[in-house]
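Visitor: Here you go, coords_11.cif (mmCIF, C-alpha atoms):
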data_model
loop_
_atom_site.group_PDB
_atom_site.id
_atom_site.type_symbol
_atom_site.label_atom_id
_atom_site.label_comp_id
_atom_site.auth_asym_id
_atom_site.auth_seq_id
_atom_site.Cartn_x
_atom_site.Cartn_y
_atom_site.Cartn_z
ATOM 1 C CA MET A 120 -16.254 7.582 -49.539
ATOM 2 C CA THR A 121 -17.735 9.752 -46.810
ATOM 3 C CA SER A 122 -19.408 7.821 -44.017
ATOM 4 C CA ILE A 123 -23.072 8.506 -43.324
ATOM 5 C CA LEU A 124 -22.114 8.868 -39.657
ATOM 6 C CA SER A 125 -20.603 12.238 -40.494
ATOM 7 C CA SER A 126 -24.076 13.642 -41.005
ATOM 8 C CA LEU A 127 -25.589 12.118 -37.851
ATOM 9 C CA SER A 128 -25.872 14.102 -34.616
ATOM 10 C CA ALA A 129 -24.595 12.831 -31.268
ATOM 11 C CA VAL A 130 -28.198 12.110 -30.249
ATOM 12 C CA GLN A 131 -28.732 10.036 -33.385
ATOM 13 C CA ILE A 132 -25.476 8.181 -32.785
ATOM 14 C CA SER A 133 -26.674 7.309 -29.282
ATOM 15 C CA LYS A 134 -29.740 5.636 -30.837
ATOM 16 C CA LEU A 135 -27.780 3.268 -33.089
ATOM 17 C CA SER A 136 -28.298 -0.414 -32.294
ATOM 18 C CA THR A 137 -25.468 -2.559 -31.024
ATOM 19 C CA SER A 138 -25.646 -4.629 -34.215
ATOM 20 C CA THR A 139 -25.164 -1.456 -36.257
ATOM 21 C CA ILE A 140 -22.168 -0.492 -34.132
ATOM 22 C CA ALA A 141 -20.728 -3.975 -34.588
ATOM 23 C CA SER A 142 -20.978 -3.655 -38.372
ATOM 24 C CA LEU A 143 -19.290 -0.258 -38.670
ATOM 25 C CA THR A 144 -16.460 0.090 -41.162
ATOM 26 C CA SER A 145 -13.154 1.780 -40.440
ATOM 27 C CA GLU A 146 -14.418 4.803 -42.401
ATOM 28 C CA ASP A 147 -17.455 4.949 -40.126
ATOM 29 C CA VAL A 148 -15.307 4.821 -36.986
ATOM 30 C CA ASN A 149 -13.010 7.542 -38.283
ATOM 31 C CA ALA A 150 -16.098 9.699 -38.839
ATOM 32 C CA LEU A 151 -16.889 9.690 -35.121
ATOM 33 C CA ASP A 152 -15.753 12.834 -33.329
ATOM 34 C CA SER A 153 -15.400 13.331 -29.586
ATOM 35 C CA ALA A 154 -18.967 14.567 -29.123
ATOM 36 C CA LYS A 155 -20.382 11.517 -30.886
ATOM 37 C CA ILE A 156 -18.140 9.093 -28.976
ATOM 38 C CA LYS A 157 -19.192 10.721 -25.714
ATOM 39 C CA ALA A 158 -22.808 9.916 -26.605
ATOM 40 C CA LEU A 159 -22.137 6.180 -26.899
ATOM 41 C CA SER A 160 -23.526 3.869 -24.210
ATOM 42 C CA SER A 161 -21.669 1.045 -22.477
ATOM 43 C CA ALA A 162 -23.555 -1.497 -24.626
ATOM 44 C CA GLN A 163 -22.532 0.343 -27.785
ATOM 45 C CA ILE A 164 -18.898 0.543 -26.681
ATOM 46 C CA ALA A 165 -18.941 -3.196 -25.996
ATOM 47 C CA SER A 166 -20.148 -3.771 -29.573
ATOM 48 C CA PHE A 167 -17.080 -2.276 -31.271
ATOM 49 C CA SER A 168 -14.770 -4.827 -32.811
ATOM 50 C CA THR A 169 -11.250 -4.799 -31.404
ATOM 51 C CA ASP A 170 -9.980 -3.672 -34.828
ATOM 52 C CA ASN A 171 -12.331 -0.705 -34.854
ATOM 53 C CA LEU A 172 -11.563 0.197 -31.239
ATOM 54 C CA ALA A 173 -7.890 0.243 -32.194
ATOM 55 C CA LEU A 174 -8.711 3.179 -34.499
ATOM 56 C CA PHE A 175 -9.633 5.360 -31.525
ATOM 57 C CA SER A 176 -7.128 8.148 -30.960
ATOM 58 C CA SER A 177 -6.113 9.272 -27.476
ATOM 59 C CA GLU A 178 -8.680 12.052 -27.745
ATOM 60 C CA ASP A 179 -11.331 9.523 -28.770
ATOM 61 C CA VAL A 180 -10.532 7.281 -25.806
ATOM 62 C CA ARG A 181 -10.791 10.209 -23.390
ATOM 63 C CA ALA A 182 -14.167 11.051 -24.916
ATOM 64 C CA ILE A 183 -15.724 7.759 -23.783
ATOM 65 C CA SER A 184 -18.041 8.610 -20.913
ATOM 66 C CA VAL A 185 -17.339 7.300 -17.419
ATOM 67 C CA SER A 186 -20.485 5.181 -17.558
ATOM 68 C CA ALA A 187 -19.693 3.813 -21.024
ATOM 69 C CA VAL A 188 -16.101 2.830 -20.233
ATOM 70 C CA LYS A 189 -17.530 0.086 -18.044
ATOM 71 C CA GLY A 190 -18.772 -1.524 -21.253
ATOM 72 C CA LEU A 191 -15.291 -2.359 -22.505
ATOM 73 C CA THR A 192 -15.081 -6.138 -22.731
ATOM 74 C CA LEU A 193 -12.059 -8.021 -21.450
ATOM 75 C CA ALA A 194 -11.162 -8.840 -25.063
ATOM 76 C CA GLN A 195 -11.279 -5.135 -25.928
ATOM 77 C CA ILE A 196 -9.244 -4.227 -22.831
ATOM 78 C CA ALA A 197 -6.576 -6.727 -23.845
ATOM 79 C CA GLN A 198 -6.220 -5.074 -27.239
ATOM 80 C CA LEU A 199 -5.912 -1.478 -26.062
ATOM 81 C CA SER A 200 -2.565 0.020 -26.970
ATOM 82 C CA SER A 201 -0.314 1.480 -24.297
ATOM 83 C CA ALA A 202 -1.038 4.938 -25.742
ATOM 84 C CA GLN A 203 -4.784 4.353 -25.383
ATOM 85 C CA VAL A 204 -4.407 3.155 -21.785
ATOM 86 C CA SER A 205 -2.250 6.135 -20.866
ATOM 87 C CA SER A 206 -4.877 8.460 -22.339
ATOM 88 C CA LEU A 207 -7.615 7.235 -19.990
ATOM 89 C CA SER A 208 -8.576 9.876 -17.447
ATOM 90 C CA SER A 209 -8.390 9.122 -13.719
ATOM 91 C CA SER A 210 -12.208 9.169 -13.647
ATOM 92 C CA GLN A 211 -12.371 6.581 -16.405
ATOM 93 C CA VAL A 212 -9.843 4.357 -14.647
ATOM 94 C CA THR A 213 -11.774 4.649 -11.390
ATOM 95 C CA ALA A 214 -14.932 3.596 -13.212
ATOM 96 C CA LEU A 215 -13.426 0.377 -14.544
ATOM 97 C CA TYR A 216 -14.445 -2.875 -12.907
ATOM 98 C CA ALA A 217 -11.776 -4.769 -10.979
ATOM 99 C CA SER A 218 -11.977 -7.508 -13.614
ATOM 100 C CA GLN A 219 -11.104 -4.947 -16.296
ATOM 101 C CA ILE A 220 -8.029 -3.808 -14.353
ATOM 102 C CA GLU A 221 -7.057 -7.442 -13.853
ATOM 103 C CA ALA A 222 -7.184 -7.941 -17.639
ATOM 104 C CA LEU A 223 -4.485 -5.309 -18.235
ATOM 105 C CA SER A 224 -1.194 -6.639 -19.545
ATOM 106 C CA THR A 225 2.257 -5.786 -18.243
ATOM 107 C CA ASP A 226 2.761 -3.155 -20.936
ATOM 108 C CA GLN A 227 -0.647 -1.638 -20.238
ATOM 109 C CA ILE A 228 0.051 -1.403 -16.500
ATOM 110 C CA LYS A 229 3.361 0.283 -17.302
ATOM 111 C CA ALA A 230 1.368 2.834 -19.294
ATOM 112 C CA LEU A 231 -0.594 3.959 -16.239
ATOM 113 C CA GLY A 232 0.520 7.239 -14.678
ATOM 114 C CA SER A 233 0.418 8.545 -11.124
ATOM 115 C CA THR A 234 -2.833 10.428 -11.684
ATOM 116 C CA GLN A 235 -4.532 7.260 -12.918
ATOM 117 C CA VAL A 236 -3.108 5.151 -10.088
ATOM 118 C CA ALA A 237 -4.452 7.694 -7.595
ATOM 119 C CA GLY A 238 -7.931 6.861 -8.833
ATOM 120 C CA LEU A 239 -7.673 3.113 -8.283
ATOM 121 C CA SER A 240 -9.952 1.561 -5.683
ATOM 122 C CA SER A 241 -9.124 -1.088 -3.112
ATOM 123 C CA ALA A 242 -10.806 -3.752 -5.261
ATOM 124 C CA GLN A 243 -8.867 -2.680 -8.340
ATOM 125 C CA ILE A 244 -5.552 -2.582 -6.465
ATOM 126 C CA GLY A 245 -6.344 -6.025 -5.101
ATOM 127 C CA THR A 246 -6.113 -7.540 -8.586
ATOM 128 C CA LEU A 247 -2.435 -6.631 -8.916
ATOM 129 C CA SER A 248 0.073 -9.452 -8.552
ATOM 130 C CA SER A 249 3.463 -8.918 -6.947
ATOM 131 C CA ASP A 250 5.048 -8.741 -10.416
ATOM 132 C CA GLU A 251 2.517 -6.147 -11.535
ATOM 133 C CA LEU A 252 2.939 -3.980 -8.440
ATOM 134 C CA ALA A 253 6.683 -4.095 -9.071
ATOM 135 C CA LEU A 254 6.032 -2.245 -12.339
ATOM 136 C CA PHE A 255 4.894 0.840 -10.426
ATOM 137 C CA SER A 256 7.348 3.701 -10.111
ATOM 138 C CA THR A 257 7.961 5.272 -6.707
ATOM 139 C CA ASP A 258 5.675 8.155 -7.701
ATOM 140 C CA GLU A 259 2.926 5.683 -8.567
ATOM 141 C CA ILE A 260 3.373 3.853 -5.256
ATOM 142 C CA LYS A 261 3.012 7.172 -3.437
ATOM 143 C CA ALA A 262 -0.111 7.910 -5.494
ATOM 144 C CA ILE A 263 -2.061 4.900 -4.170
ATOM 145 C CA SER A 264 -4.733 6.276 -1.860
ATOM 146 C CA ALA A 265 -4.896 5.251 1.797
ATOM 147 C CA ASN A 266 -8.280 3.616 1.160
ATOM 148 C CA ALA A 267 -6.926 1.653 -1.796
ATOM 149 C CA ILE A 268 -3.741 0.474 -0.080
ATOM 150 C CA ALA A 269 -5.879 -1.901 1.978
ATOM 151 C CA GLY A 270 -6.515 -3.884 -1.196
ATOM 152 C CA LEU A 271 -2.886 -4.882 -1.734
ATOM 153 C CA SER A 272 -2.315 -8.572 -1.125
ATOM 154 C CA ALA A 273 0.209 -9.798 1.423
ATOM 155 C CA ALA A 274 2.113 -11.461 -1.420
ATOM 156 C CA ALA A 275 2.376 -8.182 -3.342
ATOM 157 C CA LEU A 276 3.610 -6.323 -0.260
ATOM 158 C CA ALA A 277 6.089 -9.069 0.609
ATOM 159 C CA ALA A 278 7.643 -8.673 -2.838
ATOM 160 C CA LEU A 279 7.987 -4.869 -2.631
ATOM 161 C CA SER A 280 11.416 -3.621 -3.576
ATOM 162 C CA THR A 281 13.211 -1.530 -0.977
ATOM 163 C CA GLU A 282 12.895 1.428 -3.336
ATOM 164 C CA ASN A 283 9.120 1.099 -3.517
ATOM 165 C CA ALA A 284 8.819 0.312 0.202
ATOM 166 C CA ALA A 285 10.684 3.536 0.920
ATOM 167 C CA ALA A 286 8.139 5.368 -1.245
ATOM 168 C CA LEU A 287 5.226 4.404 1.021
ATOM 169 C CA THR A 288 3.916 7.439 2.853
ATOM 170 C CA LYS A 289 3.070 7.782 6.538
ATOM 171 C CA THR A 290 -0.634 7.883 5.658
ATOM 172 C CA GLN A 291 -0.396 4.691 3.602
ATOM 173 C CA ILE A 292 1.537 2.868 6.331
ATOM 174 C CA ALA A 293 -1.025 3.879 8.931
ATOM 175 C CA ALA A 294 -3.733 2.379 6.700
ATOM 176 C CA LEU A 295 -2.095 -1.065 6.443
ATOM 177 C CA SER A 296 -3.725 -4.033 8.136
ATOM 178 C CA SER A 297 -1.845 -6.271 10.574
ATOM 179 C CA THR A 298 -1.628 -8.963 7.875
ATOM 180 C CA GLN A 299 -0.162 -6.495 5.403
ATOM 181 C CA LEU A 300 2.339 -5.126 7.920
ATOM 182 C CA ALA A 301 3.400 -8.654 8.836
ATOM 183 C CA ALA A 302 4.033 -9.387 5.142
ATOM 184 C CA LEU A 303 6.654 -6.667 4.767
ATOM 185 C CA THR A 304 10.242 -7.875 4.781
ATOM 186 C CA SER A 305 12.887 -6.635 7.194
ATOM 187 C CA ASP A 306 14.547 -4.812 4.281
ATOM 188 C CA ALA A 307 11.272 -3.046 3.515
ATOM 189 C CA LEU A 308 10.722 -2.067 7.162
ATOM 190 C CA ALA A 309 14.276 -0.780 7.382
ATOM 191 C CA THR A 310 13.392 1.907 4.823
ATOM 192 C CA PHE A 311 10.724 3.396 7.117
ATOM 193 C CA SER A 312 11.514 6.760 8.642
ATOM 194 C CA THR A 313 10.978 7.542 12.318
ATOM 195 C CA ASP A 314 7.672 9.258 11.531
ATOM 196 C CA GLU A 315 6.531 6.288 9.468
ATOM 197 C CA ILE A 316 7.355 3.829 12.250
ATOM 198 C CA LYS A 317 5.440 5.999 14.714
ATOM 199 C CA ALA A 318 2.468 5.926 12.308
ATOM 200 C CA ILE A 319 1.991 2.199 12.937
ATOM 201 C CA SER A 320 -0.872 1.709 15.368
ATOM 202 C CA THR A 321 -0.388 -0.330 18.538
ATOM 203 C CA LYS A 322 -3.064 -2.715 17.245
ATOM 204 C CA LEU A 323 -1.031 -3.434 14.116
ATOM 205 C CA LEU A 324 2.154 -3.980 16.111
ATOM 206 C CA ALA A 325 0.498 -6.903 17.870
ATOM 207 C CA GLY A 326 0.872 -9.078 14.781
ATOM 208 C CA LEU A 327 4.404 -8.031 13.892
ATOM 209 C CA ASP A 328 7.409 -10.329 13.893
ATOM 210 C CA VAL A 329 9.763 -8.049 15.837
ATOM 211 C CA SER A 330 12.821 -9.849 14.464
ATOM 212 C CA LYS A 331 12.172 -7.955 11.218
ATOM 213 C CA LEU A 332 12.702 -4.586 12.910
ATOM 214 C CA SER A 333 16.056 -2.912 12.427
ATOM 215 C CA THR A 334 17.740 -1.201 15.379
ATOM 216 C CA GLY A 335 16.689 2.065 13.733
ATOM 217 C CA ASN A 336 13.082 0.858 13.669
ATOM 218 C CA VAL A 337 13.238 -0.100 17.352
ATOM 219 C CA ALA A 338 14.766 3.234 18.324
ATOM 220 C CA ALA A 339 11.936 4.987 16.479
ATOM 221 C CA LEU A 340 9.146 3.213 18.368
ATOM 222 C CA SER A 341 7.292 5.418 20.806
ATOM 223 C CA ARG A 342 6.879 4.591 24.490
ATOM 224 C CA THR A 343 3.246 3.676 23.767
ATOM 225 C CA GLN A 344 4.235 1.362 20.936
ATOM 226 C CA ILE A 345 6.881 -0.373 23.050
ATOM 227 C CA ALA A 346 4.380 -0.786 25.869
ATOM 228 C CA ALA A 347 1.930 -2.380 23.406
ATOM 229 C CA LEU A 348 4.324 -5.210 22.526
ATOM 230 C CA SER A 349 3.368 -8.498 24.126
ATOM 231 C CA SER A 350 5.804 -10.017 26.594
ATOM 232 C CA ALA A 351 6.538 -12.680 23.948
ATOM 233 C CA GLN A 352 7.387 -10.003 21.383
ATOM 234 C CA PHE A 353 9.553 -8.127 23.869
ATOM 235 C CA ALA A 354 11.345 -11.345 24.842
ATOM 236 C CA ALA A 355 12.110 -11.914 21.146
ATOM 237 C CA LEU A 356 14.107 -8.684 20.837
ATOM 238 C CA SER A 357 17.752 -9.299 20.080
ATOM 239 C CA THR A 358 20.697 -7.877 21.995
ATOM 240 C CA ASP A 359 21.188 -5.182 19.363
ATOM 241 C CA GLN A 360 17.491 -4.284 19.442
ATOM 242 C CA LEU A 361 17.542 -3.983 23.241
ATOM 243 C CA LYS A 362 20.597 -1.739 22.995
ATOM 244 C CA ALA A 363 18.580 0.513 20.690
ATOM 245 C CA LEU A 364 15.995 1.243 23.377
ATOM 246 C CA GLY A 365 16.155 4.618 25.082
ATOM 247 C CA SER A 366 15.176 5.731 28.564
ATOM 248 C CA ASP A 367 11.770 7.029 27.440
ATOM 249 C CA GLN A 368 10.917 3.660 25.903
ATOM 250 C CA VAL A 369 12.144 1.745 28.954
ATOM 251 C CA ALA A 370 9.900 3.919 31.115
ATOM 252 C CA GLY A 371 6.895 2.436 29.330
ATOM 253 C CA LEU A 372 7.792 -1.215 29.968
ATOM 254 C CA SER A 373 5.406 -3.331 31.984
ATOM 255 C CA SER A 374 6.245 -5.770 34.729
ATOM 256 C CA ALA A 375 5.607 -8.672 32.330
ATOM 257 C CA GLN A 376 7.951 -7.217 29.711
ATOM 258 C CA VAL A 377 10.700 -6.496 32.235
ATOM 259 C CA GLY A 378 10.278 -10.032 33.556
ATOM 260 C CA THR A 379 11.498 -11.458 30.250
ATOM 261 C CA LEU A 380 14.926 -9.847 30.638
ATOM 262 C CA SER A 381 17.815 -12.149 31.424
ATOM 263 C CA SER A 382 20.692 -10.949 33.569
ATOM 264 C CA ASP A 383 22.783 -10.450 30.412
ATOM 265 C CA GLU A 384 20.032 -8.433 28.787
ATOM 266 C CA LEU A 385 19.467 -6.237 31.831
ATOM 267 C CA ALA A 386 23.216 -5.589 31.867
ATOM 268 C CA LEU A 387 22.783 -3.853 28.507
ATOM 269 C CA PHE A 388 20.775 -1.079 30.147
ATOM 270 C CA SER A 389 22.539 2.188 30.926
ATOM 271 C CA THR A 390 22.190 3.752 34.364
ATOM 272 C CA ASP A 391 19.638 6.192 32.924
ATOM 273 C CA GLU A 392 17.608 3.294 31.551
ATOM 274 C CA ILE A 393 17.779 1.460 34.890
ATOM 275 C CA LYS A 394 16.465 4.600 36.601
ATOM 276 C CA ALA A 395 13.692 4.823 33.978
ATOM 277 C CA ILE A 396 12.141 1.451 34.847
ATOM 278 C CA ALA A 397 8.788 2.181 36.478
ATOM 279 C CA ALA A 398 8.276 1.173 40.111
ATOM 280 C CA ASN A 399 5.419 -1.094 39.048
ATOM 281 C CA ALA A 400 7.603 -2.718 36.395
ATOM 282 C CA ILE A 401 10.666 -3.266 38.576
ATOM 283 C CA ALA A 402 8.754 -6.005 40.396
ATOM 284 C CA GLY A 403 8.959 -8.088 37.238
ATOM 285 C CA LEU A 404 12.751 -8.414 37.351
ATOM 286 C CA SER A 405 13.903 -11.892 38.237
ATOM 287 C CA ALA A 406 16.080 -12.526 41.254
ATOM 288 C CA ALA A 407 18.812 -13.773 38.924
ATOM 289 C CA ALA A 408 18.754 -10.563 36.903
ATOM 290 C CA LEU A 409 18.900 -8.407 40.018
ATOM 291 C CA ALA A 410 21.686 -10.496 41.522
ATOM 292 C CA ALA A 411 23.770 -9.976 38.390
ATOM 293 C CA LEU A 412 23.368 -6.190 38.386
ATOM 294 C CA SER A 413 26.641 -4.339 38.069
ATOM 295 C CA THR A 414 27.526 -2.106 41.018
ATOM 296 C CA GLU A 415 27.032 0.894 38.731
ATOM 297 C CA ASN A 416 23.521 -0.163 37.737
ATOM 298 C CA ALA A 417 22.641 -1.226 41.270
ATOM 299 C CA ALA A 418 23.630 2.241 42.434
ATOM 300 C CA ALA A 419 21.339 3.720 39.799
ATOM 301 C CA LEU A 420 18.224 2.175 41.369
ATOM 302 C CA THR A 421 16.035 4.887 42.853
ATOM 303 C CA LYS A 422 14.442 4.942 46.318
ATOM 304 C CA THR A 423 11.034 4.419 44.689
ATOM 305 C CA GLN A 424 12.246 1.378 42.779
ATOM 306 C CA ILE A 425 13.884 -0.158 45.832
ATOM 307 C CA ALA A 426 10.816 0.479 47.981
#
Could you render the structure from this file as structure tokens?

Guide:
Amino acid sequence: MTSILSSLSAVQISKLSTSTIASLTSEDVNALDSAKIKALSSAQIASFSTDNLALFSSEDVRAISVSAVKGLTLAQIAQLSSAQVSSLSSSQVTALYASQIEALSTDQIKALGSTQVAGLSSAQIGTLSSDELALFSTDEIKAISANAIAGLSAAALAALSTENAAALTKTQIAALSSTQLAALTSDALATFSTDEIKAISTKLLAGLDVSKLSTGNVAALSRTQIAALSSAQFAALSTDQLKALGSDQVAGLSSAQVGTLSSDELALFSTDEIKAIAANAIAGLSAAALAALSTENAAALTKTQIA
């Protein structure tokens, strides 16, 4: 039997009461075309039974207006098929409330694509658990906007696989908070390229546990970044990390930082690195460290340093 909805215009459909929508038969739902679905309000969308909403094709789902998609109830969200979720446009996904994103199941999250992920807000991203974030492909990780990345919890970031950590872009890394940066594991940090390490602001470095940095990470730090480390952070650098420092980085050390060096640690410096210590910083060296200088390194001291 042909549904009466077939003869109604989109304007007439938009005037149907929520109780009428709730009582629609499967034949009625199948009679709705894209134009008529687009005319539905959020209240009308919320009135569809989960069985009737399941009849929506991918084209039907995409036809739901951005304002109306907000009407999807959590019960309706939970019943959406993976195909229906994957058919949502990026604009529709962006329009969803954080609570609606939070209601998505594992299979539904897997159904999201990079274009949809790119539309997620900070609040929406913030609903993802570490297990849910782990479902994202590397392309989907890269698709998270810099504004949205701030929403990721420390727990989610701490659980990032090395593969997904390596997928983080320079722009995303620069947008991390100190709490988020501190949550990353040493394995995750080790995946960062030189450019990505240099993207970390000096403010963010202040909260970093330097023991997590690989020698490659340390070697990639700029002079400004090294200079921004507190004396406590600099003192915490291991022998291997100190060996990774170059002359340009050493040139940025402060008197307080240099003062943390033991005689054994200072002995790790090459003659070029000894020469690079600023005249203002050389004053921080302890008498014990200076007394233990090798003849080669002592000979490397410049007139300005000695003065």

Visitor: Could you give me, as a PyMOL selection string, the residues that have an atom at most 8 Å away from the point (-9.3, 3.7, -23.6) in the coordinates of the file, using only C-alpha atoms?

Guide: chain A and resi 177+180-181+183+188+196+199+203-207

Visitor: For atom CA of A:Ala165 and atom CA of A:Ile263, quote the distance in Å rounded to one decimal.

Guide: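 It comes out at 28.8 Å.
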
Visitor: Point out the residue among A:Ser138, A:Ser233, A:Thr343, A:Ser357 with the least atom-to-atom distance to A:Gly371, counting all atoms listed in the file.

Guide: A:Thr343

Visitor: Apply the PyMOL selection byres ((chain A and resi 269-280) around 8) to the structure shown and report the selected residues as a ChimeraX atom specification.

Guide: /A:240-245,247-250,252-253,265-268,281-284,294-296,298-299,302-304,307

Visitor: Could you write out the selected residues, including C-alpha atoms, as a short mmCIF file (atom, residue, chain, number, x, y, z; two decimals), keeping the file's coordinate frame?

Guide:
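Wrote it out as selection08.cif, contents follow:
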data_model
loop_
_atom_site.label_atom_id
_atom_site.label_comp_id
_atom_site.auth_asym_id
_atom_site.auth_seq_id
_atom_site.Cartn_x
_atom_site.Cartn_y
_atom_site.Cartn_z
CA SER A 240 -9.95 1.56 -5.68
CA SER A 241 -9.12 -1.09 -3.11
CA ALA A 242 -10.81 -3.75 -5.26
CA GLN A 243 -8.87 -2.68 -8.34
CA ILE A 244 -5.55 -2.58 -6.46
CA GLY A 245 -6.34 -6.02 -5.10
CA LEU A 247 -2.44 -6.63 -8.92
CA SER A 248 0.07 -9.45 -8.55
CA SER A 249 3.46 -8.92 -6.95
CA ASP A 250 5.05 -8.74 -10.42
CA LEU A 252 2.94 -3.98 -8.44
CA ALA A 253 6.68 -4.10 -9.07
CA ALA A 265 -4.90 5.25 1.80
CA ASN A 266 -8.28 3.62 1.16
CA ALA A 267 -6.93 1.65 -1.80
CA ILE A 268 -3.74 0.47 -0.08
CA THR A 281 13.21 -1.53 -0.98
CA GLU A 282 12.90 1.43 -3.34
CA ASN A 283 9.12 1.10 -3.52
CA ALA A 284 8.82 0.31 0.20
CA ALA A 294 -3.73 2.38 6.70
CA LEU A 295 -2.10 -1.06 6.44
CA SER A 296 -3.72 -4.03 8.14
CA THR A 298 -1.63 -8.96 7.88
CA GLN A 299 -0.16 -6.50 5.40
CA ALA A 302 4.03 -9.39 5.14
CA LEU A 303 6.65 -6.67 4.77
CA THR A 304 10.24 -7.88 4.78
CA ALA A 307 11.27 -3.05 3.52
#

Visitor: With the file shown as input, list the residues that the PyMOL selection byres ((chain A and resi 288) around 10) selects, as a VMD selection string.

Guide: chain A and resid 260 to 265 284 to 287 289 to 294 311 to 312 314 to 315 318

Visitor: Can you translate the PyMOL selection byres ((chain A and resi 339) around 8) into the concrete residues it hits in this file, as a short mmCIF file (atom, residue, chain, number, x, y, z; two decimals) with C-alpha atoms, in the frame of the given file?

Guide:
data_model
loop_
_atom_site.label_atom_id
_atom_site.label_comp_id
_atom_site.auth_asym_id
_atom_site.auth_seq_id
_atom_site.Cartn_x
_atom_site.Cartn_y
_atom_site.Cartn_z
CA THR A 313 10.98 7.54 12.32
CA ASP A 314 7.67 9.26 11.53
CA ILE A 316 7.36 3.83 12.25
CA LYS A 317 5.44 6.00 14.71
CA GLY A 335 16.69 2.06 13.73
CA ASN A 336 13.08 0.86 13.67
CA VAL A 337 13.24 -0.10 17.35
CA ALA A 338 14.77 3.23 18.32
CA LEU A 340 9.15 3.21 18.37
CA SER A 341 7.29 5.42 20.81
#

Visitor: Mind pulling up the distance from atom CA of A:Lys362 to atom CA of A:Asp391?

Guide: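 According to the coordinates, atom CA of A:Asp391 and atom CA of A:Lys362 are separated by 12.7 Å.
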
Visitor: What gap, in Å, lies between atom CA of A:Ser320 and atom CA of A:Gln344?

Guide: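 Taking atom CA of A:Ser320 as the start and atom CA of A:Gln344 as the end point, the length is 7.6 Å.
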
Visitor: For each of A:Leu332, A:Leu387, A:Ala395, A:Leu380, take the minimum atom-to-atom distance to A:Ala407, counting only C-alpha atoms, then give the residue where this is smallest.

Guide: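 So, comparing all the options, the nearest one is A:Leu380.
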